[in-house]
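run22.tsv (TSV, C-alpha atoms) appears below.
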```tsv
chain	number	residue	atom	x	y	z
A	270	MET	CA	8.01	88.26	184.24
A	271	SER	CA	9.19	84.70	183.92
A	272	GLU	CA	12.45	84.03	182.17
A	273	PRO	CA	12.12	82.47	178.72
A	274	ALA	CA	12.26	78.71	178.97
A	275	THR	CA	15.21	76.89	177.48
A	276	THR	CA	13.14	73.75	177.03
A	277	SER	CA	9.47	73.16	176.41
A	278	PRO	CA	7.63	74.25	179.54
A	279	ALA	CA	5.98	71.41	181.39
A	280	ASP	CA	2.22	71.46	181.61
A	281	GLY	CA	2.49	71.51	185.39
A	282	TRP	CA	4.06	74.97	185.24
A	283	PHE	CA	0.59	76.45	185.77
A	284	GLY	CA	-0.71	73.65	187.91
A	285	GLU	CA	-1.10	75.63	191.13
A	286	LEU	CA	-3.18	78.42	189.66
A	287	ARG	CA	-6.76	78.98	190.71
A	288	PHE	CA	-9.37	81.17	189.09
A	289	PRO	CA	-9.08	83.97	188.51
A	290	ILE	CA	-5.95	83.31	186.48
A	291	ASP	CA	-3.66	86.29	186.15
A	292	VAL	CA	-0.30	85.31	184.75
A	293	ARG	CA	2.38	86.69	182.46
A	294	ILE	CA	4.22	84.46	180.02
A	295	PRO	CA	7.24	85.20	177.86
A	296	SER	CA	6.80	85.94	174.17
A	297	ASP	CA	7.49	82.31	173.36
A	298	ILE	CA	5.00	80.13	171.52
A	299	ARG	CA	6.07	77.13	173.62
A	300	PHE	CA	4.10	78.62	176.50
A	301	ILE	CA	0.82	78.60	174.60
A	302	GLU	CA	-0.19	74.99	175.07
A	303	PRO	CA	0.47	74.86	178.83
A	304	ILE	CA	-1.56	77.98	179.59
A	305	VAL	CA	-4.34	76.85	177.27
A	306	GLY	CA	-4.36	73.52	179.09
A	307	ALA	CA	-4.59	75.27	182.44
A	308	VAL	CA	-7.55	77.38	181.37
A	309	VAL	CA	-9.33	74.42	179.81
A	310	ARG	CA	-8.94	72.38	182.99
A	311	ARG	CA	-10.52	75.19	184.99
A	312	CYS	CA	-13.39	75.41	182.53
A	313	ALA	CA	-13.97	71.68	182.86
A	314	ALA	CA	-13.81	71.93	186.64
A	315	HIS	CA	-16.45	74.65	186.49
A	316	ALA	CA	-18.79	72.48	184.43
A	317	PHE	CA	-18.49	74.10	181.03
A	318	PRO	CA	-19.71	71.76	178.29
A	319	ALA	CA	-17.21	69.21	177.04
A	320	ARG	CA	-17.18	70.57	173.51
A	321	VAL	CA	-16.43	74.06	174.76
A	322	CYS	CA	-13.51	72.69	176.76
A	323	ARG	CA	-11.98	70.61	173.99
A	324	PHE	CA	-12.72	72.89	171.02
A	325	ASN	CA	-14.02	76.46	171.48
A	326	VAL	CA	-11.78	77.58	174.32
A	327	PRO	CA	-8.49	75.97	173.26
A	328	VAL	CA	-8.74	77.12	169.64
A	329	ALA	CA	-9.85	80.67	170.46
A	330	LEU	CA	-7.31	81.16	173.25
A	331	THR	CA	-4.51	79.69	171.14
A	332	GLU	CA	-5.36	82.23	168.45
A	333	ALA	CA	-5.37	85.13	170.89
A	334	LEU	CA	-2.04	84.08	172.42
A	335	SER	CA	-0.30	83.46	169.12
A	336	ASN	CA	-1.50	86.85	167.86
A	337	ALA	CA	-0.13	88.51	170.99
A	338	ILE	CA	3.24	86.74	170.81
A	339	LEU	CA	3.83	86.82	167.06
A	340	ARG	CA	2.11	90.04	165.96
A	341	GLY	CA	1.80	92.10	169.10
A	342	ASN	CA	5.22	91.44	170.59
A	343	HIS	CA	6.94	90.13	167.44
A	344	GLU	CA	8.45	87.37	169.61
A	345	ASP	CA	10.55	89.97	171.41
A	346	SER	CA	11.92	88.07	174.39
A	347	SER	CA	12.00	91.26	176.46
A	348	LYS	CA	8.21	91.53	176.21
A	349	GLY	CA	5.55	89.44	177.83
A	350	VAL	CA	1.92	88.50	177.43
A	351	ARG	CA	-0.54	88.78	180.30
A	352	ILE	CA	-3.46	86.38	180.48
A	353	ARG	CA	-6.39	86.97	182.78
A	354	ALA	CA	-9.25	84.54	183.05
A	355	THR	CA	-12.34	84.82	185.18
A	356	ILE	CA	-15.22	82.44	185.36
A	357	ASP	CA	-18.52	82.56	187.15
A	358	ASP	CA	-21.98	81.11	186.83
A	359	ARG	CA	-22.66	83.18	183.72
A	360	ALA	CA	-19.54	83.29	181.58
A	361	LEU	CA	-15.87	82.74	180.93
A	362	ILE	CA	-13.95	85.95	180.25
A	363	LEU	CA	-10.42	85.81	178.88
A	364	GLU	CA	-8.19	88.84	178.44
A	365	VAL	CA	-4.91	88.64	176.55
A	366	GLU	CA	-2.64	91.66	176.74
A	367	ASP	CA	0.54	92.13	174.75
A	368	GLU	CA	3.04	94.98	174.66
A	369	GLY	CA	2.38	96.02	171.08
A	370	ALA	CA	0.53	98.98	169.64
A	371	GLY	CA	-2.73	97.14	169.19
A	372	PHE	CA	-4.72	96.76	166.00
A	373	ASP	CA	-8.14	97.26	164.52
A	374	LEU	CA	-10.15	94.08	164.93
A	375	GLU	CA	-12.47	94.63	162.01
A	376	ALA	CA	-9.64	95.49	159.64
A	377	CYS	CA	-7.98	92.16	160.37
A	378	MET	CA	-11.06	90.00	159.82
A	379	LEU	CA	-10.84	87.53	156.95
A	380	ASP	CA	-14.15	86.33	155.58
A	381	PRO	CA	-13.86	82.76	154.33
A	382	ASN	CA	-16.79	83.42	152.00
A	383	ASP	CA	-14.82	86.00	150.03
A	384	ASP	CA	-13.44	84.76	146.74
A	385	GLY	CA	-9.87	83.56	146.99
A	386	ASN	CA	-9.63	83.57	150.77
A	387	VAL	CA	-9.86	79.81	150.93
A	388	PHE	CA	-6.40	79.65	149.33
A	389	ARG	CA	-4.82	81.99	151.86
A	390	GLU	CA	-2.35	80.48	154.27
A	391	ASP	CA	-2.95	83.02	157.04
A	392	GLY	CA	-5.57	85.40	158.37
A	393	ARG	CA	-8.11	82.97	159.85
A	394	GLY	CA	-7.24	83.53	163.50
A	395	LEU	CA	-9.59	86.38	164.28
A	396	PHE	CA	-12.39	84.77	162.30
A	397	LEU	CA	-12.03	81.61	164.37
A	398	MET	CA	-12.03	83.58	167.63
A	399	CYS	CA	-15.23	85.34	166.63
A	400	SER	CA	-16.81	82.10	165.44
A	401	LEU	CA	-16.03	80.13	168.58
A	402	MET	CA	-16.62	82.76	171.27
A	403	ASP	CA	-19.74	84.84	171.94
A	404	ARG	CA	-17.87	88.12	171.92
A	405	VAL	CA	-14.42	89.33	170.86
A	406	GLU	CA	-13.50	92.92	171.59
A	407	ARG	CA	-10.76	95.39	172.17
A	408	ILE	CA	-10.84	97.21	175.48
A	409	PRO	CA	-11.41	100.94	174.99
A	410	ALA	CA	-8.17	102.86	175.56
A	411	ARG	CA	-6.27	99.57	175.79
A	412	ALA	CA	-5.87	98.56	172.17
A	413	ASN	CA	-3.33	95.88	173.06
A	414	VAL	CA	-5.89	93.90	175.06
A	415	VAL	CA	-8.31	91.49	173.44
A	416	ARG	CA	-11.21	90.22	175.52
A	417	LEU	CA	-12.98	86.96	174.70
A	418	THR	CA	-16.31	86.19	176.32
A	419	LEU	CA	-18.14	82.89	176.25
A	420	HIS	CA	-21.46	82.64	178.01
A	421	ARG	CA	-22.75	79.46	179.48
A	422	ALA	CA	-25.48	77.97	177.34
B	277	MET	CA	2.36	65.36	170.58
B	278	GLY	CA	4.03	64.61	167.29
B	279	PHE	CA	3.79	63.20	163.82
B	280	GLN	CA	4.07	59.61	162.68
B	281	VAL	CA	4.90	58.97	159.04
B	282	ARG	CA	4.33	55.58	157.42
B	283	LYS	CA	3.68	54.10	154.01
B	284	ASP	CA	0.39	52.43	153.10
B	285	GLY	CA	0.82	51.10	149.57
B	286	ASP	CA	1.66	54.10	147.42
B	287	THR	CA	0.35	56.57	149.99
B	288	CYS	CA	2.40	58.39	152.58
B	289	VAL	CA	0.27	58.55	155.75
B	290	VAL	CA	1.06	61.28	158.26
B	291	ALA	CA	-0.67	60.88	161.62
B	292	VAL	CA	-1.07	64.01	163.74
B	293	GLU	CA	-0.97	63.14	167.43
B	294	GLY	CA	-2.12	65.89	169.79
B	295	GLN	CA	-2.55	69.42	168.54
B	296	LEU	CA	-1.60	70.98	165.22
B	297	ILE	CA	-0.89	74.55	166.23
B	298	VAL	CA	1.54	77.40	165.86
B	299	GLY	CA	4.14	75.61	167.96
B	300	ASN	CA	4.54	72.53	165.76
B	301	ARG	CA	3.15	73.44	162.36
B	302	GLN	CA	6.59	73.88	160.83
B	303	GLU	CA	7.57	70.37	161.87
B	304	LEU	CA	4.59	68.93	159.99
B	305	LYS	CA	5.40	71.03	156.95
B	306	GLN	CA	9.01	69.92	156.92
B	307	ARG	CA	8.12	66.25	157.38
B	308	VAL	CA	5.82	66.36	154.34
B	309	LEU	CA	8.25	68.43	152.26
B	310	ASP	CA	10.97	65.88	153.04
B	311	GLU	CA	8.73	63.11	151.76
B	312	LEU	CA	7.95	65.13	148.64
B	313	GLU	CA	11.67	65.54	148.10
B	314	ARG	CA	12.05	61.76	148.30
B	315	GLY	CA	9.48	61.40	145.51
B	316	GLU	CA	6.28	60.73	147.42
B	317	ARG	CA	3.21	62.23	145.74
B	318	LYS	CA	0.17	60.75	147.46
B	319	PHE	CA	-0.44	61.93	151.01
B	320	LEU	CA	-3.05	61.20	153.62
B	321	VAL	CA	-3.10	63.23	156.83
B	322	ASP	CA	-4.72	61.17	159.57
B	323	PHE	CA	-6.40	63.24	162.30
B	324	GLY	CA	-7.71	60.27	164.26
B	325	GLN	CA	-5.49	61.13	167.24
B	326	THR	CA	-5.70	64.91	166.91
B	327	GLY	CA	-7.10	67.22	169.56
B	328	TYR	CA	-7.50	70.62	167.96
B	329	ILE	CA	-6.06	72.68	165.12
B	330	ASP	CA	-5.50	76.42	165.07
B	331	SER	CA	-5.34	78.81	162.13
B	332	SER	CA	-1.59	78.25	161.78
B	333	GLY	CA	-2.19	74.53	161.43
B	334	LEU	CA	-4.87	75.17	158.82
B	335	GLY	CA	-2.47	77.49	157.01
B	336	VAL	CA	0.19	74.82	156.80
B	337	LEU	CA	-2.30	72.37	155.33
B	338	VAL	CA	-3.25	74.95	152.68
B	339	SER	CA	0.42	75.56	151.93
B	340	LEU	CA	1.15	71.86	151.59
B	341	SER	CA	-1.93	71.37	149.43
B	342	LYS	CA	-0.68	74.00	147.00
B	343	ARG	CA	2.81	72.55	146.85
B	344	ILE	CA	1.61	68.99	146.39
B	345	ARG	CA	-0.77	70.04	143.61
B	346	GLU	CA	2.05	71.89	141.86
B	347	LEU	CA	3.87	68.57	141.73
B	348	ASN	CA	0.77	66.76	140.47
B	349	GLY	CA	0.34	65.04	143.76
B	350	ASP	CA	-2.66	64.39	145.96
B	351	LEU	CA	-3.40	65.35	149.57
B	352	ARG	CA	-6.34	63.95	151.48
B	353	LEU	CA	-7.48	64.28	155.07
B	354	SER	CA	-9.02	61.49	157.11
B	355	ASN	CA	-10.57	60.64	160.47
B	356	LEU	CA	-11.69	64.16	161.37
B	357	ASN	CA	-13.87	64.21	164.46
B	358	ASP	CA	-16.95	66.43	164.63
B	359	ASP	CA	-14.99	69.36	166.08
B	360	LEU	CA	-12.43	69.28	163.31
B	361	LYS	CA	-15.14	68.92	160.67
B	362	THR	CA	-16.75	72.03	162.12
B	363	LEU	CA	-13.44	73.86	161.89
B	364	PHE	CA	-13.04	73.01	158.20
B	365	GLU	CA	-16.65	73.91	157.48
B	366	LEU	CA	-16.43	77.27	159.27
B	367	THR	CA	-13.38	78.24	157.26
B	368	LYS	CA	-14.73	76.75	154.02
B	369	LEU	CA	-11.63	74.59	153.81
B	370	ASP	CA	-13.88	71.59	153.39
B	371	THR	CA	-14.22	72.85	149.81
B	372	LEU	CA	-10.45	72.82	149.28
B	373	PHE	CA	-9.55	69.44	150.72
B	374	GLN	CA	-10.71	65.96	149.97
B	375	ILE	CA	-11.89	64.69	153.32
B	376	ALA	CA	-12.27	60.94	153.67
```
Would you encode the structure as structure tokens?
Amino acid sequence: MSEPATTSPADGWFGELRFPIDVRIPSDIRFIEPIVGAVVRRCAAHAFPARVCRFNVPVALTEALSNAILRGNHEDSSKGVRIRATIDDRALILEVEDEGAGFDLEACMLDPNDDGNVFREDGRGLFLMCSLMDRVERIPARANVVRLTLHRA
Amino acid sequence: MGFQVRKDGDTCVVAVEGQLIVGNRQELKQRVLDELERGERKFLVDFGQTGYIDSSGLGVLVSLSKRIRELNGDLRLSNLNDDLKTLFELTKLDTLFQIA
């Protein structure tokens, strides 16, 4: 486990990683953007479409990481978040694991079409993940792991 | 990554440079609330230099929209690229905001 950063982590912190990524970050939202950047660069290097690299992956992974840090670990600095990313000729698979108790995906889904939800200030994260990735799932028997899958077109 | 605030006539223009995500959403909120406190009522958020927005960023925009409306003000969004337009359409927030 890395020690919590005292300043914003530089993007180069993850610069030496190669797929598959398997890294743990502290429960600190300042680590989100660097790890998202690292994954996006790998997607671009592996010829994923530009829109996927600049929109689908960064938004969905940011949501998964912020959920893990804020809701799973409650920003507890003694806990970490593990990110695993694999990519091949068929798909990108991201797994985000926190140290919380896990939650029911379906119970947390906000439907923007429901009356009144447009005025809510929270609750869109899971909906965005599901909208931007091909599959979002909890791993059986590992409720604190969310797996995001995006197939190549 | 940051926010640039400037006046354009009677409108307070806030440019979002980089991402609007969980890590900086509170800074945007505070910058706009500070301007509201100073008496500004017309706001334009310029996304011309924005990469992506997450649900926390969207939530802050909803929060600011409510607060500005309570004070009889006006909040508009401008220069959304196709990705950001998609984001607002997916979440139906294109029905809440005036998008120039």
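Each of B:Ser332, B:Thr326, B:Thr287, B:Asn300 was checked against Arg352 of chain B using all atoms listed in the file; the smallest atom-to-atom distance is that of B:Thr287.
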Got a sec to check which residues sit within 10 Å of (-5.3, 77.3, 166.3), counting only C-alpha atoms, and write them as a VMD selection string? (chain A and resid 324 327 to 335 393 to 394 397 to 398) or (chain B and resid 295 to 299 328 to 335 363)
Please produce a file of those selected residues containing C-alpha atoms, as a short mmCIF file (atom, residue, chain, number, x, y, z; two decimals), in the frame of the given file.
```
data_model
loop_
_atom_site.label_atom_id
_atom_site.label_comp_id
_atom_site.auth_asym_id
_atom_site.auth_seq_id
_atom_site.Cartn_x
_atom_site.Cartn_y
_atom_site.Cartn_z
CA PHE A 324 -12.72 72.89 171.02
CA PRO A 327 -8.49 75.97 173.26
CA VAL A 328 -8.74 77.12 169.64
CA ALA A 329 -9.85 80.67 170.46
CA LEU A 330 -7.31 81.16 173.25
CA THR A 331 -4.51 79.69 171.14
CA GLU A 332 -5.36 82.23 168.45
CA ALA A 333 -5.37 85.13 170.89
CA LEU A 334 -2.04 84.08 172.42
CA SER A 335 -0.30 83.46 169.12
CA ARG A 393 -8.11 82.97 159.85
CA GLY A 394 -7.24 83.53 163.50
CA LEU A 397 -12.03 81.61 164.37
CA MET A 398 -12.03 83.58 167.63
CA GLN B 295 -2.55 69.42 168.54
CA LEU B 296 -1.60 70.98 165.22
CA ILE B 297 -0.89 74.55 166.23
CA VAL B 298 1.54 77.40 165.86
CA GLY B 299 4.14 75.61 167.96
CA TYR B 328 -7.50 70.62 167.96
CA ILE B 329 -6.06 72.68 165.12
CA ASP B 330 -5.50 76.42 165.07
CA SER B 331 -5.34 78.81 162.13
CA SER B 332 -1.59 78.25 161.78
CA GLY B 333 -2.19 74.53 161.43
CA LEU B 334 -4.87 75.17 158.82
CA GLY B 335 -2.47 77.49 157.01
CA LEU B 363 -13.44 73.86 161.89
#
```
For Arg353 of chain A, work out the shell of residues within 9 Å, counting only C-alpha atoms and skipping chain neighbours fewer than 5 positions away, then give it as a list in words. Pro289, Ile290, Asp291, Val292, Arg293, Ile362, Leu363, Glu364, Val365 and Glu366 of chain A
In file coordinates, which residues lie within 12 Å of (-2.9, 74.9, 145.1) using all atoms listed in the file, given as a PyMOL selection string? (chain A and resi 385+387-390) or (chain B and resi 337-351+372-373)
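Our summary of the geometry notes that atom CA of Leu419 of chain A is positioned 28.4 Å from atom CA of Val292 of chain B.
Restricting the calculation to only C-alpha atoms, the smallest distance between chain B and any of A:Val309, A:Arg323, A:Ile408, A:Arg416 is found for A:Arg323.
Using all atoms listed in the file, the shortest contact distance between Gln306 of chain B and any of B:Ala291, B:Val336, B:Leu353, B:Leu369 is found at B:Val336.
Using only C-alpha atoms, the nearest neighbour of chain B within the list A:Ala370, A:Ala316, A:Ile304, A:Leu401 is A:Leu401.
Atom CA of Ala422 of chain A is positioned 8.8 Å from atom CA of Phe317 of chain A.
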